[in-house]
$ cat structure-v2.csv   # CSV, C-alpha atoms
chain,number,residue,atom,x,y,z
A,1,MET,CA,309.0,190.6,118.2
A,2,SER,CA,311.7,190.8,120.9
A,3,GLU,CA,310.9,194.5,121.7
A,4,ASN,CA,307.9,196.3,123.0
A,5,ARG,CA,306.8,199.7,121.9
A,6,LYS,CA,305.1,201.7,124.6
A,7,TRP,CA,303.7,205.2,125.1
A,8,VAL,CA,304.7,206.7,128.5
A,9,LEU,CA,303.7,209.9,130.2
A,10,ALA,CA,306.5,212.3,129.5
A,11,ARG,CA,305.1,215.3,131.4
A,12,ARG,CA,301.9,216.4,133.1
A,13,PRO,CA,299.7,218.8,131.0
A,14,VAL,CA,298.3,221.9,132.8
A,15,THR,CA,295.3,222.2,130.5
A,16,GLU,CA,294.8,220.6,127.1
A,17,PRO,CA,297.3,217.8,126.5
A,18,SER,CA,299.7,217.8,123.6
A,19,VAL,CA,301.7,215.2,121.8
A,20,GLU,CA,304.8,216.3,123.7
A,21,ASP,CA,303.2,215.0,126.9
A,22,PHE,CA,303.8,211.5,125.6
A,23,ARG,CA,307.0,209.6,124.7
A,24,LEU,CA,307.4,206.5,122.6
A,25,GLU,CA,309.9,204.1,124.2
A,26,MET,CA,311.2,200.6,123.3
A,27,ALA,CA,311.7,197.9,125.9
A,28,ALA,CA,312.8,194.3,125.8
A,29,LEU,CA,310.1,191.6,126.3
A,30,PRO,CA,310.4,189.6,129.5
A,31,GLN,CA,312.1,186.2,129.2
A,32,GLN,CA,310.2,184.7,132.1
A,33,LEU,CA,306.8,185.3,133.7
A,34,ALA,CA,305.9,185.0,137.4
A,35,PRO,CA,303.3,182.4,138.4
A,36,GLY,CA,299.8,183.7,137.6
A,37,ASP,CA,300.9,186.1,134.9
A,38,VAL,CA,300.4,186.0,131.2
A,39,LEU,CA,302.0,187.9,128.3
A,40,CYS,CA,299.5,189.5,126.0
A,41,ARG,CA,299.9,191.0,122.5
A,42,THR,CA,297.6,194.0,122.0
A,43,HIS,CA,295.1,194.0,119.2
A,44,TYR,CA,292.9,196.9,120.2
A,45,LEU,CA,293.3,199.8,122.7
A,46,SER,CA,290.3,201.7,124.1
A,47,LEU,CA,290.8,205.5,124.4
A,48,ASP,CA,288.5,207.1,127.0
A,49,PRO,CA,288.2,210.6,128.6
A,50,TYR,CA,289.0,209.4,132.1
A,51,MET,CA,292.6,209.0,131.0
A,52,ARG,CA,293.0,212.8,131.0
A,53,TRP,CA,292.3,212.9,134.8
A,54,ARG,CA,294.9,210.1,135.3
A,55,MET,CA,297.5,212.3,133.8
A,56,ASN,CA,297.1,214.8,136.7
A,57,ASP,CA,299.1,214.4,139.9
A,58,ALA,CA,295.9,214.7,142.0
A,59,LYS,CA,293.9,212.5,144.3
A,60,SER,CA,291.1,210.7,142.6
A,61,TYR,CA,289.4,207.3,142.5
A,62,ALA,CA,292.6,205.8,141.0
A,63,ARG,CA,296.2,206.7,141.4
A,64,PRO,CA,297.7,209.0,138.7
A,65,VAL,CA,300.0,207.7,136.0
A,66,GLY,CA,303.5,208.2,137.1
A,67,LEU,CA,306.0,210.1,134.9
A,68,GLY,CA,307.7,207.6,132.7
A,69,GLU,CA,305.0,205.0,133.2
A,70,VAL,CA,302.9,203.4,130.5
A,71,MET,CA,299.7,205.2,129.8
A,72,VAL,CA,296.7,203.3,131.2
A,73,GLY,CA,294.0,201.8,129.0
A,74,THR,CA,291.8,198.8,128.5
A,75,THR,CA,292.9,196.4,125.7
A,76,VAL,CA,291.8,193.4,123.8
A,77,GLY,CA,294.8,191.1,123.3
A,78,GLU,CA,295.9,187.7,122.5
A,79,VAL,CA,297.8,185.5,125.1
A,80,VAL,CA,301.3,184.8,123.8
A,81,ARG,CA,302.7,183.0,126.9
A,82,SER,CA,301.0,181.9,130.1
A,83,GLU,CA,302.0,180.9,133.6
A,84,ALA,CA,298.4,180.9,134.8
A,85,PRO,CA,296.0,178.0,134.9
A,86,GLY,CA,293.0,178.4,132.6
A,87,PHE,CA,294.9,180.7,130.1
A,88,ALA,CA,296.7,179.4,127.1
A,89,ALA,CA,298.5,180.9,124.0
A,90,GLY,CA,295.8,182.1,121.5
A,91,ASP,CA,293.2,183.0,124.1
A,92,LEU,CA,291.6,186.4,123.5
A,93,VAL,CA,291.3,188.5,126.6
A,94,VAL,CA,290.2,192.0,127.9
A,95,GLY,CA,292.6,193.5,130.4
A,96,ALA,CA,294.4,196.7,131.5
A,97,GLY,CA,297.2,196.4,128.9
A,98,GLY,CA,297.8,200.1,128.4
A,99,TRP,CA,299.3,201.9,125.5
A,100,GLN,CA,301.8,199.3,124.4
A,101,ASP,CA,302.3,196.3,122.0
A,102,TYR,CA,302.7,193.8,124.8
A,103,ALA,CA,301.7,193.6,128.4
A,104,VAL,CA,302.4,191.3,131.3
A,105,LEU,CA,299.2,191.0,133.2
A,106,PRO,CA,297.9,189.0,136.2
A,107,ALA,CA,295.4,186.5,135.0
A,108,ALA,CA,293.1,187.4,137.9
A,109,GLY,CA,292.4,190.7,136.1
A,110,LEU,CA,291.6,189.3,132.7
A,111,ARG,CA,288.3,188.3,131.1
A,112,LYS,CA,288.1,186.0,128.1
A,113,VAL,CA,286.4,187.2,125.0
A,114,ASP,CA,284.3,185.1,122.6
A,115,ALA,CA,285.1,186.5,119.1
A,116,THR,CA,282.3,184.5,117.6
A,117,ALA,CA,279.6,186.2,119.7
A,118,ALA,CA,280.3,189.7,118.5
A,119,PRO,CA,283.1,191.6,116.7
A,120,LEU,CA,286.2,191.7,118.9
A,121,SER,CA,286.4,195.5,119.1
A,122,THR,CA,282.9,195.6,120.8
A,123,ALA,CA,284.6,194.2,123.9
A,124,LEU,CA,286.0,197.7,124.4
A,125,GLY,CA,282.8,199.6,123.5
A,126,ALA,CA,279.2,198.4,123.5
A,127,LEU,CA,280.1,195.2,125.4
A,128,GLY,CA,283.0,196.7,127.3
A,129,MET,CA,283.5,199.4,129.9
A,130,PRO,CA,281.4,202.1,128.1
A,131,GLY,CA,278.4,199.8,127.5
A,132,PHE,CA,278.6,198.5,131.1
A,133,THR,CA,278.8,202.0,132.4
A,134,ALA,CA,275.6,202.9,130.5
A,135,TYR,CA,273.9,199.8,131.8
A,136,ALA,CA,274.9,200.2,135.4
A,137,GLY,CA,274.3,203.9,135.6
A,138,LEU,CA,270.9,203.9,133.8
A,139,MET,CA,269.4,200.6,135.2
A,140,LYS,CA,270.9,200.6,138.7
A,141,ILE,CA,270.9,204.3,139.5
A,142,GLY,CA,268.5,205.9,137.0
A,143,GLN,CA,265.9,203.1,137.2
A,144,PRO,CA,263.9,204.4,134.3
A,145,LYS,CA,260.1,203.7,134.2
A,146,VAL,CA,257.7,203.5,131.3
A,147,GLY,CA,256.7,206.9,130.1
A,148,GLU,CA,259.5,208.9,131.8
A,149,THR,CA,261.7,211.3,130.0
A,150,VAL,CA,265.4,210.5,129.9
A,151,VAL,CA,267.9,213.1,128.7
A,152,VAL,CA,271.4,212.0,127.7
A,153,ALA,CA,274.5,214.2,127.3
A,154,ALA,CA,277.1,213.2,124.7
A,155,ALA,CA,274.4,211.0,123.3
A,156,THR,CA,276.3,209.7,120.3
A,157,GLY,CA,279.4,208.7,122.3
A,158,PRO,CA,279.8,205.0,123.3
A,159,VAL,CA,278.2,205.5,126.7
A,160,GLY,CA,275.5,207.9,125.7
A,161,ALA,CA,274.4,205.9,122.7
A,162,MET,CA,273.9,202.8,124.8
A,163,VAL,CA,272.0,204.8,127.5
A,164,GLY,CA,269.6,206.2,124.9
A,165,GLN,CA,268.9,202.8,123.3
A,166,LEU,CA,268.5,201.1,126.7
A,167,ALA,CA,266.1,203.8,127.9
A,168,ARG,CA,264.0,203.5,124.7
A,169,LEU,CA,263.8,199.7,125.3
A,170,GLN,CA,262.4,200.5,128.7
A,171,GLY,CA,259.6,202.6,127.2
A,172,CYS,CA,261.0,206.0,127.9
A,173,ARG,CA,260.9,209.2,125.9
A,174,THR,CA,264.6,209.9,125.0
A,175,VAL,CA,266.2,213.2,124.3
A,176,ALA,CA,269.8,213.4,123.0
A,177,ILE,CA,272.2,216.2,123.4
A,178,ALA,CA,275.1,216.0,121.0
A,179,GLY,CA,277.6,218.1,119.1
A,180,GLY,CA,276.7,219.2,115.6
A,181,ALA,CA,274.1,218.5,113.0
A,182,GLU,CA,275.6,215.2,111.9
A,183,LYS,CA,275.6,213.7,115.3
A,184,CYS,CA,272.1,214.9,116.0
A,185,ALA,CA,270.9,213.3,112.8
A,186,TYR,CA,272.6,210.0,113.8
A,187,ALA,CA,270.9,210.2,117.2
A,188,LEU,CA,267.5,210.6,115.6
A,189,ASN,CA,267.7,208.3,112.6
A,190,THR,CA,269.9,205.5,113.8
A,191,LEU,CA,269.8,205.5,117.6
A,192,LYS,CA,266.0,206.4,117.4
A,193,PHE,CA,266.0,209.2,120.1
A,194,ASP,CA,262.7,211.0,120.2
A,195,ALA,CA,264.5,214.4,120.0
A,196,ALA,CA,268.1,215.6,119.5
A,197,LEU,CA,269.6,218.9,120.3
A,198,ASP,CA,273.0,220.5,119.5
A,199,HIS,CA,274.8,221.5,122.7
A,200,ARG,CA,276.4,224.4,120.7
A,201,ASP,CA,273.0,225.9,119.9
A,202,PRO,CA,272.6,229.3,121.7
A,203,ALA,CA,268.9,228.5,122.2
A,204,LEU,CA,269.7,225.1,123.9
A,205,LYS,CA,267.8,225.9,127.1
A,206,GLN,CA,264.6,226.9,125.3
A,207,LYS,CA,264.8,224.0,122.9
A,208,LEU,CA,265.4,221.5,125.7
A,209,ALA,CA,262.4,222.8,127.6
A,210,ALA,CA,260.3,222.4,124.4
A,211,ALA,CA,261.6,218.8,124.0
A,212,CYS,CA,260.7,217.9,127.6
A,213,PRO,CA,257.2,219.2,128.1
A,214,GLN,CA,256.8,216.9,131.1
A,215,GLY,CA,260.1,217.7,132.6
A,216,ILE,CA,263.1,215.4,133.0
A,217,ASP,CA,263.0,212.2,135.2
A,218,VAL,CA,266.5,210.8,134.4
A,219,TYR,CA,269.5,212.8,133.3
A,220,PHE,CA,272.6,210.8,132.4
A,221,GLU,CA,275.5,213.2,133.1
A,222,ASN,CA,278.9,212.8,131.6
A,223,VAL,CA,279.6,216.4,130.4
A,224,GLY,CA,278.8,219.1,132.9
A,225,GLY,CA,279.1,222.8,132.2
A,226,LYS,CA,276.5,224.5,130.1
A,227,VAL,CA,274.6,221.3,129.4
A,228,TRP,CA,274.0,220.8,133.1
A,229,ASP,CA,272.8,224.4,133.3
A,230,ALA,CA,270.2,223.7,130.7
A,231,VAL,CA,269.0,220.5,132.3
A,232,LEU,CA,268.9,221.6,135.9
A,233,PRO,CA,265.7,223.8,135.8
A,234,LEU,CA,263.8,221.0,134.1
A,235,LEU,CA,264.4,218.3,136.6
A,236,ASN,CA,261.3,216.8,138.1
A,237,ASP,CA,260.8,216.0,141.8
A,238,PHE,CA,262.7,212.8,142.6
A,239,ALA,CA,264.7,212.9,139.3
A,240,ARG,CA,267.7,210.6,139.2
A,241,ILE,CA,271.0,211.8,137.9
A,242,PRO,CA,273.7,209.2,137.3
A,243,VAL,CA,277.0,211.0,137.0
A,244,CYS,CA,279.8,209.1,135.3
A,245,GLY,CA,282.0,211.9,134.0
A,246,LEU,CA,282.4,215.6,133.5
A,247,ILE,CA,284.3,215.9,130.2
A,248,SER,CA,283.8,219.7,130.0
A,249,GLN,CA,286.1,220.0,133.0
A,250,TYR,CA,288.9,217.6,132.2
A,251,ASN,CA,291.1,220.2,130.6
A,252,LEU,CA,290.6,222.9,133.2
A,253,GLY,CA,293.6,221.9,135.2
A,254,ASN,CA,293.1,223.2,138.8
A,255,ALA,CA,290.6,225.9,137.8
A,256,ALA,CA,287.1,225.7,139.1
A,257,ASP,CA,284.2,225.3,136.8
A,258,GLY,CA,282.1,228.4,137.5
A,259,ASP,CA,279.3,227.7,135.0
A,260,THR,CA,277.0,226.3,137.7
A,261,PRO,CA,277.0,228.2,141.0
A,262,MET,CA,277.3,225.7,143.8
A,263,THR,CA,274.5,227.4,145.8
A,264,MET,CA,272.0,226.9,143.0
A,265,LEU,CA,273.0,223.2,142.7
A,266,MET,CA,272.7,222.5,146.3
A,267,ARG,CA,269.4,224.3,146.7
A,268,ASP,CA,267.8,222.2,143.9
A,269,VAL,CA,269.3,219.0,145.3
A,270,LEU,CA,267.6,219.7,148.6
A,271,VAL,CA,264.3,221.2,147.4
A,272,LYS,CA,263.7,218.6,144.7
A,273,ARG,CA,265.1,215.7,146.7
A,274,LEU,CA,267.3,214.7,143.8
A,275,LEU,CA,269.4,211.6,143.7
A,276,LEU,CA,272.7,213.0,142.3
A,277,ARG,CA,275.2,210.2,142.4
A,278,GLY,CA,278.6,210.0,141.0
A,279,PHE,CA,279.8,206.5,140.2
A,280,ILE,CA,282.7,204.5,138.9
A,281,VAL,CA,281.8,201.5,136.8
A,282,THR,CA,283.8,199.2,139.1
A,283,ASP,CA,281.2,199.9,141.8
A,284,PHE,CA,278.9,197.6,139.9
A,285,VAL,CA,281.2,194.8,139.0
A,286,ALA,CA,278.8,192.3,140.5
A,287,TYR,CA,276.4,193.1,137.6
A,288,ARG,CA,278.9,192.6,134.7
A,289,ASP,CA,277.8,189.1,133.8
A,290,GLU,CA,274.2,190.2,133.9
A,291,PHE,CA,275.0,193.0,131.5
A,292,ILE,CA,277.0,190.8,129.1
A,293,SER,CA,274.1,188.3,129.0
A,294,TYR,CA,271.6,191.0,128.3
A,295,ALA,CA,273.5,193.1,125.8
A,296,THR,CA,275.4,190.6,123.7
A,297,PRO,CA,272.4,189.2,121.7
A,298,LEU,CA,271.0,192.7,121.3
A,299,VAL,CA,274.3,193.8,119.8
A,300,ALA,CA,274.6,190.7,117.6
A,301,ASP,CA,271.1,191.1,116.1
A,302,GLY,CA,271.4,194.9,115.6
A,303,THR,CA,268.8,195.9,118.2
A,304,LEU,CA,271.5,197.9,119.9
A,305,GLN,CA,273.3,199.9,117.2
A,306,VAL,CA,277.1,200.2,117.5
A,307,ARG,CA,279.3,202.9,116.0
A,308,GLU,CA,283.1,202.7,116.3
A,309,ASP,CA,285.8,205.2,115.3
A,310,ILE,CA,288.9,203.0,114.7
A,311,VAL,CA,292.3,204.5,114.2
A,312,ALA,CA,295.0,202.2,112.7
A,313,GLY,CA,298.4,202.2,114.2
A,314,MET,CA,299.5,202.5,117.9
A,315,GLU,CA,301.8,205.4,116.9
A,316,LYS,CA,298.7,207.5,116.4
A,317,ALA,CA,297.4,207.0,120.0
A,318,PRO,CA,298.4,210.4,121.4
A,319,GLU,CA,296.9,212.4,118.5
A,320,ALA,CA,293.7,210.4,118.6
A,321,PHE,CA,293.4,210.9,122.4
A,322,ILE,CA,293.8,214.6,122.0
A,323,GLY,CA,291.1,214.6,119.3
A,324,LEU,CA,288.8,212.6,121.7
A,325,LEU,CA,289.0,215.4,124.3
A,326,GLN,CA,288.2,217.9,121.5
A,327,GLY,CA,285.1,216.0,120.3
A,328,ARG,CA,286.6,215.0,116.9
A,329,ASN,CA,285.7,211.3,117.2
A,330,PHE,CA,282.3,209.9,116.2
A,331,GLY,CA,281.6,206.7,118.1
A,332,LYS,CA,283.7,204.6,120.3
A,333,LEU,CA,287.4,205.5,119.8
A,334,ILE,CA,289.6,202.5,119.5
A,335,VAL,CA,293.2,202.1,118.3
A,336,LYS,CA,293.9,199.1,116.2
A,337,PHE,CA,297.4,197.8,116.5
A,338,THR,CA,299.2,196.7,113.4
$ encode --input "structure-v2.csv" --output "structure tokens"
Amino acid sequence: MSENRKWVLARRPVTEPSVEDFRLEMAALPQQLAPGDVLCRTHYLSLDPYMRWRMNDAKSYARPVGLGEVMVGTTVGEVVRSEAPGFAAGDLVVGAGGWQDYAVLPAAGLRKVDATAAPLSTALGALGMPGFTAYAGLMKIGQPKVGETVVVAAATGPVGAMVGQLARLQGCRTVAIAGGAEKCAYALNTLKFDAALDHRDPALKQKLAAACPQGIDVYFENVGGKVWDAVLPLLNDFARIPVCGLISQYNLGNAADGDTPMTMLMRDVLVKRLLLRGFIVTDFVAYRDEFISYATPLVADGTLQVREDIVAGMEKAPEAFIGLLQGRNFGKLIVKFT
């Protein structure tokens, strides 16, 4: 191909994004590469909730996507041309390729992938950023101990599913919170959580209390809102709360989330001496190799179950992303380029 298809940010959504917020453009492929760069052809694109925040023109841990710029995203791709030592045509790599067929990327930001160790798509899920987020948040912040109770929000998503399984391997009681009967059944029967609750259940608070008779020692937070309200009264002294996302707030625009009064939150953080820590997975980059070495054989032999929701065709990326924010996906959402 001599041209590159790319999805760019056409306008900034105020609340929920729509397909009109994205624009498909064509661009010529570069004829030359700068020293240290490689040209990669995308095979798989990861779609993740953080992308919604990057569409806002607001200060955050990373700069927003500019209007007219390619939407950000992690990709697995194949090196087509290289001007970087150590990378050659045919190498498979993980990098920040974004929503496009081809990307010019600095070799310093790429990681080679061994397609024989595990399916290539797992480099974006169980063995990629979501899996590493689960590992870093649970093991380095949550520090689960045998016999403790670990509650996981969005428990059948790519992060939550890994958190629950890792906690079970540490000898913990695990409680899943998910959306709907099918996902709750998956959490119980496949991921082997000890209990699973539907976050839509009007009796969530009462059922969560019954599922956690000894209270909650670790709560892995990536949802916020009403789930947090149900968890908060059950937290034990010295509970640990890794916070890697708040998906319930991503489409609120500039409106405040009034579900949890700040006074109540701060009172419990003080009285119960809680460790409430937000984190970005790049904070723990020093542990990436440790995670890959630990998790790869467990994924390969089926100890860690992996579920992926793969959408065929890069042209479907905006619609799939909107569905992700609405909870329509089941498992790690990935776009397969054709």
$ closest_residue --input "structure-v2.csv" --among "A:Arg11, A:Lys192, A:Lys6, A:Arg111" --to "Glu25 (chain A)" --atoms "all atoms listed in the file"
A:Lys6
$ atom_distance --input "structure-v2.csv" --atom1 "CA of Leu47 (chain A)" --atom2 "CA of Val72 (chain A)"
9.3 Å
$ atom_distance --input "structure-v2.csv" --atom1 "CA of Ala117 (chain A)" --atom2 "CA of Val93 (chain A)"
13.8 Å
$ residues_around --input "structure-v2.csv" --residues "region 118-125 of chain A" --least-positions-apart "3" --cutoff "7 Å" --atoms "only C-alpha atoms" --output "VMD selection string"
chain A and resid 44 46 115 128 to 131 158 300 332
$ atom_distance --input "structure-v2.csv" --atom1 "CA of Lys316 (chain A)" --atom2 "CA of Met55 (chain A)"
18.1 Å
$ closest_residue --input "structure-v2.csv" --among "A:Val159, A:Leu138, A:Leu29, A:Val65" --to "Val104 (chain A)" --atoms "all atoms listed in the file"
A:Leu29
$ closest_residue --input "structure-v2.csv" --among "A:Ala89, A:Ala126, A:Leu9, A:Ala317" --to "Gly66 (chain A)" --atoms "all atoms listed in the file"
A:Leu9
$ residues_around --input "structure-v2.csv" --residues "region 100-103 of chain A" --least-positions-apart "2" --cutoff "8 Å" --atoms "all atoms listed in the file" --output "list of chain:residue names"
A:Asn4, A:Arg5, A:Lys6, A:Trp7, A:Leu29, A:Leu39, A:Cys40, A:Arg41, A:Thr42, A:Val70, A:Gly97, A:Gly98, A:Leu105, A:Met314, A:Phe337
$ closest_residue --input "structure-v2.csv" --among "A:Gly137, A:Pro213, A:Gly157, A:Gly302" --to "Lys183 (chain A)" --atoms "all atoms listed in the file"
A:Gly157
$ residues_near_point --input "structure-v2.csv" --point "(261.4, 201.7, 132.3)" --cutoff "6 Å" --atoms "only C-alpha atoms" --output "mmCIF file with C-alpha atoms, in the frame of the given file"
data_model
loop_
_atom_site.group_PDB
_atom_site.id
_atom_site.type_symbol
_atom_site.label_atom_id
_atom_site.label_comp_id
_atom_site.auth_asym_id
_atom_site.auth_seq_id
_atom_site.Cartn_x
_atom_site.Cartn_y
_atom_site.Cartn_z
ATOM 1 C CA PRO A 144 263.900 204.400 134.300
ATOM 2 C CA LYS A 145 260.100 203.700 134.200
ATOM 3 C CA VAL A 146 257.700 203.500 131.300
ATOM 4 C CA GLN A 170 262.400 200.500 128.700
ATOM 5 C CA GLY A 171 259.600 202.600 127.200
#
$ closest_residue --input "structure-v2.csv" --among "A:Arg277, A:Lys112, A:Arg240, A:Lys207" --to "Val150 (chain A)" --atoms "only C-alpha atoms"
A:Arg240
$ closest_residue --input "structure-v2.csv" --among "A:Ala211, A:Val94, A:Ile322, A:Leu274" --to "Asp237 (chain A)" --atoms "all atoms listed in the file"
A:Leu274
$ residues_near_point --input "structure-v2.csv" --point "(263.2, 211.4, 120.8)" --cutoff "9 Å" --atoms "all atoms listed in the file" --output "list in words"
Arg168, Arg173, Thr174, Val175, Ala176, Ala187, Leu188, Lys192, Phe193, Asp194, Ala195, Ala196 and Ala211 of chain A
$ residues_around --input "structure-v2.csv" --residues "Thr149 (chain A)" --least-positions-apart "4" --cutoff "8 Å" --atoms "only C-alpha atoms" --output "MDAnalysis selection string"
chainID A and resid 172:175 212 214:218
$ axis_aligned_box --input "structure-v2.csv" --around "region 32-51 of chain A" --padding-each-side "5 Å" --output "AutoDock Vina command-line options"
--center_x 299.2 --center_y 196.5 --center_z 128.8 --size_x 32.0 --size_y 38.2 --size_z 29.2
$ residues_around --input "structure-v2.csv" --residues "Arg81 (chain A)" --least-positions-apart "2" --cutoff "9 Å" --atoms "only C-alpha atoms" --output "list in words"
Leu33, Asp37, Val38, Leu39, Cys40, Val79, Glu83, Phe87, Ala88, Ala89 and Gly90 of chain A
$ build_atoms --input "structure-v2.csv" --residues "region 143-170 of chain A" --atoms "N, CA and C atoms" --output "mmCIF file, keeping the file's coordinate frame"
data_model
loop_
_atom_site.group_PDB
_atom_site.id
_atom_site.type_symbol
_atom_site.label_atom_id
_atom_site.label_comp_id
_atom_site.auth_asym_id
_atom_site.auth_seq_id
_atom_site.Cartn_x
_atom_site.Cartn_y
_atom_site.Cartn_z
ATOM 1 N N GLN A 143 267.161 203.891 137.087
ATOM 2 C CA GLN A 143 265.900 203.100 137.200
ATOM 3 C C GLN A 143 264.767 203.688 136.437
ATOM 4 N N PRO A 144 264.900 203.734 135.121
ATOM 5 C CA PRO A 144 263.900 204.400 134.300
ATOM 6 C C PRO A 144 262.557 203.570 134.305
ATOM 7 N N LYS A 145 261.452 204.318 134.208
ATOM 8 C CA LYS A 145 260.100 203.700 134.200
ATOM 9 C C LYS A 145 259.403 204.093 132.908
ATOM 10 N N VAL A 146 258.484 203.254 132.488
ATOM 11 C CA VAL A 146 257.700 203.500 131.300
ATOM 12 C C VAL A 146 257.086 204.875 131.291
ATOM 13 N N GLY A 147 257.277 205.619 130.191
ATOM 14 C CA GLY A 147 256.700 206.900 130.100
ATOM 15 C C GLY A 147 257.505 208.074 130.604
ATOM 16 N N GLU A 148 258.621 207.792 131.289
ATOM 17 C CA GLU A 148 259.500 208.900 131.800
ATOM 18 C C GLU A 148 260.325 209.451 130.710
ATOM 19 N N THR A 149 260.836 210.647 130.971
ATOM 20 C CA THR A 149 261.700 211.300 130.000
ATOM 21 C C THR A 149 263.161 211.174 130.497
ATOM 22 N N VAL A 150 263.993 210.667 129.596
ATOM 23 C CA VAL A 150 265.400 210.500 129.900
ATOM 24 C C VAL A 150 266.218 211.343 128.924
ATOM 25 N N VAL A 151 267.047 212.207 129.480
ATOM 26 C CA VAL A 151 267.900 213.100 128.700
ATOM 27 C C VAL A 151 269.345 212.568 128.831
ATOM 28 N N VAL A 152 270.053 212.525 127.702
ATOM 29 C CA VAL A 152 271.400 212.000 127.700
ATOM 30 C C VAL A 152 272.376 212.951 127.090
ATOM 31 N N ALA A 153 273.404 213.300 127.847
ATOM 32 C CA ALA A 153 274.500 214.200 127.300
ATOM 33 C C ALA A 153 275.460 213.303 126.537
ATOM 34 N N ALA A 154 276.186 213.959 125.594
ATOM 35 C CA ALA A 154 277.100 213.200 124.700
ATOM 36 C C ALA A 154 276.478 211.975 124.189
ATOM 37 N N ALA A 155 275.317 212.150 123.602
ATOM 38 C CA ALA A 155 274.400 211.000 123.300
ATOM 39 C C ALA A 155 274.866 210.134 122.176
ATOM 40 N N THR A 156 275.822 210.553 121.371
ATOM 41 C CA THR A 156 276.300 209.700 120.300
ATOM 42 C C THR A 156 277.642 209.048 120.655
ATOM 43 N N GLY A 157 278.165 209.336 121.839
ATOM 44 C CA GLY A 157 279.400 208.700 122.300
ATOM 45 C C GLY A 157 279.055 207.241 122.712
ATOM 46 N N PRO A 158 280.065 206.460 123.026
ATOM 47 C CA PRO A 158 279.800 205.000 123.300
ATOM 48 C C PRO A 158 278.968 204.795 124.547
ATOM 49 N N VAL A 159 279.066 205.668 125.564
ATOM 50 C CA VAL A 159 278.200 205.500 126.700
ATOM 51 C C VAL A 159 276.814 206.060 126.444
ATOM 52 N N GLY A 160 276.747 207.292 125.971
ATOM 53 C CA GLY A 160 275.500 207.900 125.700
ATOM 54 C C GLY A 160 274.592 207.192 124.738
ATOM 55 N N ALA A 161 275.187 206.656 123.684
ATOM 56 C CA ALA A 161 274.400 205.900 122.700
ATOM 57 C C ALA A 161 273.750 204.705 123.280
ATOM 58 N N MET A 162 274.479 204.019 124.147
ATOM 59 C CA MET A 162 273.900 202.800 124.800
ATOM 60 C C MET A 162 272.818 203.237 125.785
ATOM 61 N N VAL A 163 273.039 204.327 126.527
ATOM 62 C CA VAL A 163 272.000 204.800 127.500
ATOM 63 C C VAL A 163 270.713 205.084 126.763
ATOM 64 N N GLY A 164 270.784 205.830 125.666
ATOM 65 C CA GLY A 164 269.600 206.200 124.900
ATOM 66 C C GLY A 164 268.819 204.976 124.435
ATOM 67 N N GLN A 165 269.534 204.015 123.892
ATOM 68 C CA GLN A 165 268.900 202.800 123.300
ATOM 69 C C GLN A 165 268.272 201.963 124.456
ATOM 70 N N LEU A 166 268.997 201.831 125.563
ATOM 71 C CA LEU A 166 268.500 201.100 126.700
ATOM 72 C C LEU A 166 267.204 201.732 127.255
ATOM 73 N N ALA A 167 267.238 203.066 127.353
ATOM 74 C CA ALA A 167 266.100 203.800 127.900
ATOM 75 C C ALA A 167 264.876 203.633 126.958
ATOM 76 N N ARG A 168 265.122 203.660 125.659
ATOM 77 C CA ARG A 168 264.000 203.500 124.700
ATOM 78 C C ARG A 168 263.405 202.079 124.861
ATOM 79 N N LEU A 169 264.255 201.061 125.071
ATOM 80 C CA LEU A 169 263.800 199.700 125.300
ATOM 81 C C LEU A 169 262.948 199.575 126.559
ATOM 82 N N GLN A 170 263.165 200.506 127.491
ATOM 83 C CA GLN A 170 262.400 200.500 128.700
ATOM 84 C C GLN A 170 261.090 201.306 128.612
#
